[in-house]
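*Asks:* My questions will all concern the structure given below.
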Protein chains: 4
Amino acid sequence: MSETAPIQSETKSTRERILDAAEQLFAERGLAGTAVRDIAAGVGLNPASLYNHFPSKDLLYEAVLERGLQPVMELLVELASGEQTRDTEDRAIDRVVTHLAGSPNLAKLITYETLAGGERLARIGGKWLGPIYMRGIEALQRSRAVEQWEAQELPLLMVAFQSLILGYFAMAPLLEQMFDLDATSPEGLARQTAFLRKITHLLIPPRDAV
Amino acid sequence: MSETAPIQSETKSTRERILDAAEQLFAERGLAGTAVRDIAAGVGLNPASLYNHFPSKDLLYEAVLERGLQPVMELLVELASGEQTRDTEDRAIDRVVTHLAGSPNLAKLITYETLAGGERLARIGGKWLGPIYMRGIEALQRSRAVEQWEAQELPLLMVAFQSLILGYFAMAPLLEQMFDLDATSPEGLARQTAFLRKITHLLIPPRDAV
Amino acid sequence: MSETAPIQSETKSTRERILDAAEQLFAERGLAGTAVRDIAAGVGLNPASLYNHFPSKDLLYEAVLERGLQPVMELLVELASGEQTRDTEDRAIDRVVTHLAGSPNLAKLITYETLAGGERLARIGGKWLGPIYMRGIEALQRSRAVEQWEAQELPLLMVAFQSLILGYFAMAPLLEQMFDLDATSPEGLARQTAFLRKITHLLIPPRDAV
Amino acid sequence: MSETAPIQSETKSTRERILDAAEQLFAERGLAGTAVRDIAAGVGLNPASLYNHFPSKDLLYEAVLERGLQPVMELLVELASGEQTRDTEDRAIDRVVTHLAGSPNLAKLITYETLAGGERLARIGGKWLGPIYMRGIEALQRSRAVEQWEAQELPLLMVAFQSLILGYFAMAPLLEQMFDLDATSPEGLARQTAFLRKITHLLIPPRDAV
DNA sequence: GATGAATGAGGATTCATTCAT
DNA sequence: AATGAATGAATCCTCATTCAT
């Protein structure tokens with residue numbers, strides 16, 4: 001019988017393992033705060049070897065960003081373009097939070113990037129980011145959000161949702177420290193998902209509410 | 001004739017001007033991303049001169065953080081300990097946002113710190129931060145929040161408010177780029193303040209609502 | 001149908017093609033200024049593959065030098081040992097210049113080597129270089145050069161000729177830039193050959209001048 | 001008694017001493033072959049300290065080049081613009097060779113630069129180099145050179161002189177090795193100066209020759 | 001207080017070379 | 001032969017910090 005369930009870390013290509021280690025460190029310390037040497041050490045590699053896989057620290061960073069962003073982008077595109085029902089709204093929140101929960105570094109990476117001005121975000125996710133926001137707003141316009149929010153408030157509402165979702169992950173360490181909550185545990189994530197669904201319903205009246 | 005109305009920037013002590021320049025850069029680029037030399041250049045000073053005013057980059061950073069945090073802390077302490085009426089709730093939001101609007105770097109600094117794990121935050125604002133959260137939660141318990149939120153959700157609600165407030169400033173550059181909004185202009189801030197007040201009322205039913 | 005007239009570059013052995021690319025780059029940038037990787041790229045090869053043909057960069061460099069030097073050496077030996085007549089003197093200059101014109105990198109390589117101290121030159125061409133100079137001087141002594149030059153000036157005269165011949169090629173780029181001369185074109189080389197012949201006749205009275 | 005004859009090396013500014021050490025090494029090994037660390041070691045300095053005086057290796061190199069070039073440039077300008085008499089011609093050769101003898105690295109630096117394509121030379125000495133050649137040619141046209149050389153040969157004659165003068169210094173190590181001549185000693189330089197004067201008279205008939 | 005110069009430690013990256021495939 | 005990946009040593013340069021002036 002062949003190897004049916006090989007240990008993942010041994011299966012992964014070096015390139016993938018570099019991306020993993022880099023993502024971890026970039027999420028923790030940001031781009032400037034992360035030394036190439038530390039990434040290399042994280043993969044058990046000589047720093048010079050990284051350059052066989054990525055031409056520079058910056059481009060490695062962008063690769064990390066891109067790899068993390070792409071699935072979210074696709075998810076958002078899918079969500080933003082679908083029909084809006086109470087069910088899909090709930091599922092949208094669930095799916096986004098679940099996805100971010102699955103790659104907990106992503107929220108931090110995005111937050112770091114946003115702080116840095118978002119130029120790279122704009123460049124990398126350029127084709128997506130704008131359209132996603134636009135479609136998100138269109139989706140809001142088709143939803144019952146329009147009953148509570150004026151057109152010019154919709155962008156702010158988008159930003160608010162983004163802040164709520166990302167902020168939770170960014171503040172995870174703080175949460176754990178202060179309230180002794182294991183923010184990224186399955187229960188923690190379930191709790192936060194339910195909480196966000198609740199907020200969503202308060203901010204946007206569910207379509208089929210009685 | 002004596003100097004009767006000296007230009008403010010000339011009036012400020014060198015120490016103050018260093019703090020200003022440092023705050024600006026730390027907010028833009030984070031601690032690791034900011035070079036002492038750049039701070040010095042921002043004050044028109046030789047890097048060596050900084051060390052006449054602060055013993056190290058790290059302690060300068062903490063001084064920046066402390067200077068920025070103290071007023072917010074005091075404000076929060078005041079707000080959290082006061083009576084809860086619809087008026088004070090509105091005014092609380094207003095005052096916090098107004099304050100952050102007055103020092104727009106602060107939100108970014110805090111976000112950076114949060115991402116970094118919040119250890120410094122905890123140390124610097126240690127005496128305040130915990131108590132503030134606690135009192136914030138107590139205030140929520142005295143408010144009509146309890147009608148919508150269970151006890152265990154209140155910490156999440158605190159985090160949510162923090163995310164909403166800070167997130168706006170962190171994303172300001174993105175907002176301006178994508179929606180052509182001048183996020184930190186007086187109008188922008190007024191708009192966001194109103195928006196946050198609205199959200200607050202949705203998440204926490206106002207006390208004197210009919 | 002069989003390959004009847006294969007393109008030369010395809011015919012050349014890989015070893016030869018490496019030597020070609022290396023010669024080109026070493027002549028342009030010198031030994032230290034040339035990266036193995038660039039040589040490899042010049043042959044469309046992986047850097048590692050070079051080491052199947054040459055054991056090290058240094059030995060590749062020496063191989064380049066040797067390949068370039070050998071024919072000149074042989075030519076010089078032949079010229080220096082032959083009879084001295086006006087005709088052979090003219091032909092000597094012609095043949096040397098013509099040869100260098102055919103491998104324009106060689107002059108540059110030799111000049112680089114000379115600047116570097118000539119140790120490698122001495123080692124590689126050791127068996128030739130000394131003897132050639134010696135025989136060259138002997139030839140000068142048999143020529144009418146002795147009418148104008150004292151014995152101790154003959155080495156300087158050798159150096160002068162070497163400088164004149166090599167200098168032209170080293171300065172070729174400058175010449176083209178400043179005077180819009182195509183220094184390495186057939187006409188340019190013919191011009192320079194004639195010019196050098198003229199100088200030779202001025203410095204060494206031709207044997208059969210009337 | 002005050003310090004009347006301070007040791008030169010102690011008097012020189014650090015900047016000057018860096019330029020000296022750099023000139024030495026660049027002349028010996030070329031730009032690519034010289035490590036910043038070695039220059040620093042030559043001055044007894046930490047490599048990082050160099051960067052307090054020059055912003056980069058390249059700009060240090062250019063500073064070296066410029067410092068070396070400027071006096072020659074000025075000398076050449078002066079010579080090329082003066083009256084042409086046998087005496088001044090002799091003195092011109094003498095002065096140029098004497099100058100180069102005083103800074104023996106210069107000839108090597110220029111040769112290296114020429115080999116590298118002369119782009120930097122053109123940029124640094126841009127305003128001088130072209131004009132100098134032009135005036136040199138004009139001077140030749142006013143001299144008795146026109147009796148032996150056609151107009152189109154004059155550029156080649158300029159190049160020939162440059163090769164003769166620089167070549168001697170470039171080949172100095174070789175000369176010393178092969179002929180046991182101390183090429184850069186005062187006697188060696190005197191010998192070469194006389195030799196070049198002789199060549200000059202053969203290539204350009206002296207004005208007042210009988 | 002301010003500064004020019006100095007420095008050890010560390011930064012990213014390049015380099016020649018090796019080796020398993 | 002050729003190559004992708006790996007590596008130790010070196011490369012240029014930056015950084016925070018110190019110190020004499």
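Identifiers for the structure tokens are assigned positionally: chains receive A, B, ... in sequence, residues are indexed from 1 per chain, and ligands are indexed from 1 in the order shown.
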Considering only C-alpha atoms (C1' of nucleotides), extract the chain A residues located within 8 Å of chain F and return them as a PyMOL selection string.
*Replies:* chain A and resi 46+48-49+52
*Asks:* Up to 12 Å from chain E, what residues of chain C turn up? Count only C-alpha atoms (C1' of nucleotides) and give them as a list in words.
*Replies:*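 Applying the cut-off to the listed atoms yields Ala32, Gly33, Thr34, Ala35, Val36, Arg37, Asp38, Pro47, Ala48, Ser49, Leu50, Tyr51, Asn52, Phe54, Pro55, Ser56, Lys57 and Asp58 of chain C.
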*Asks:* Counting only C-alpha atoms, which residues from chain D have an atom at most 7 Å from any atom of chain C, and could you show them as an NGL selection string?
*Replies:* :D and (28-29 or 32-33 or 108 or 114-118 or 130 or 159-160 or 163-164 or 167-168 or 170-171 or 173-174 or 178 or 202-203)
*Asks:* To one decimal in Å, tell me the separation between CA of Arg123 in chain D and CA of Leu59 in chain D.
*Replies:*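 Atom-to-atom, CA of Arg123 in chain D and CA of Leu59 in chain D are spaced 12.6 Å apart.
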*Asks:* List every residue of chain B that DSSP, applied to the backbone of this structure, places in alpha helix (DSSP H), and write the result as an NGL selection string.
*Replies:* :B and (8-11 or 14-29 or 36-43 or 47-50 or 57-81 or 86-102 or 104-115 or 119-124 or 126-142 or 145-148 or 154-170 or 172-179 or 186-203)
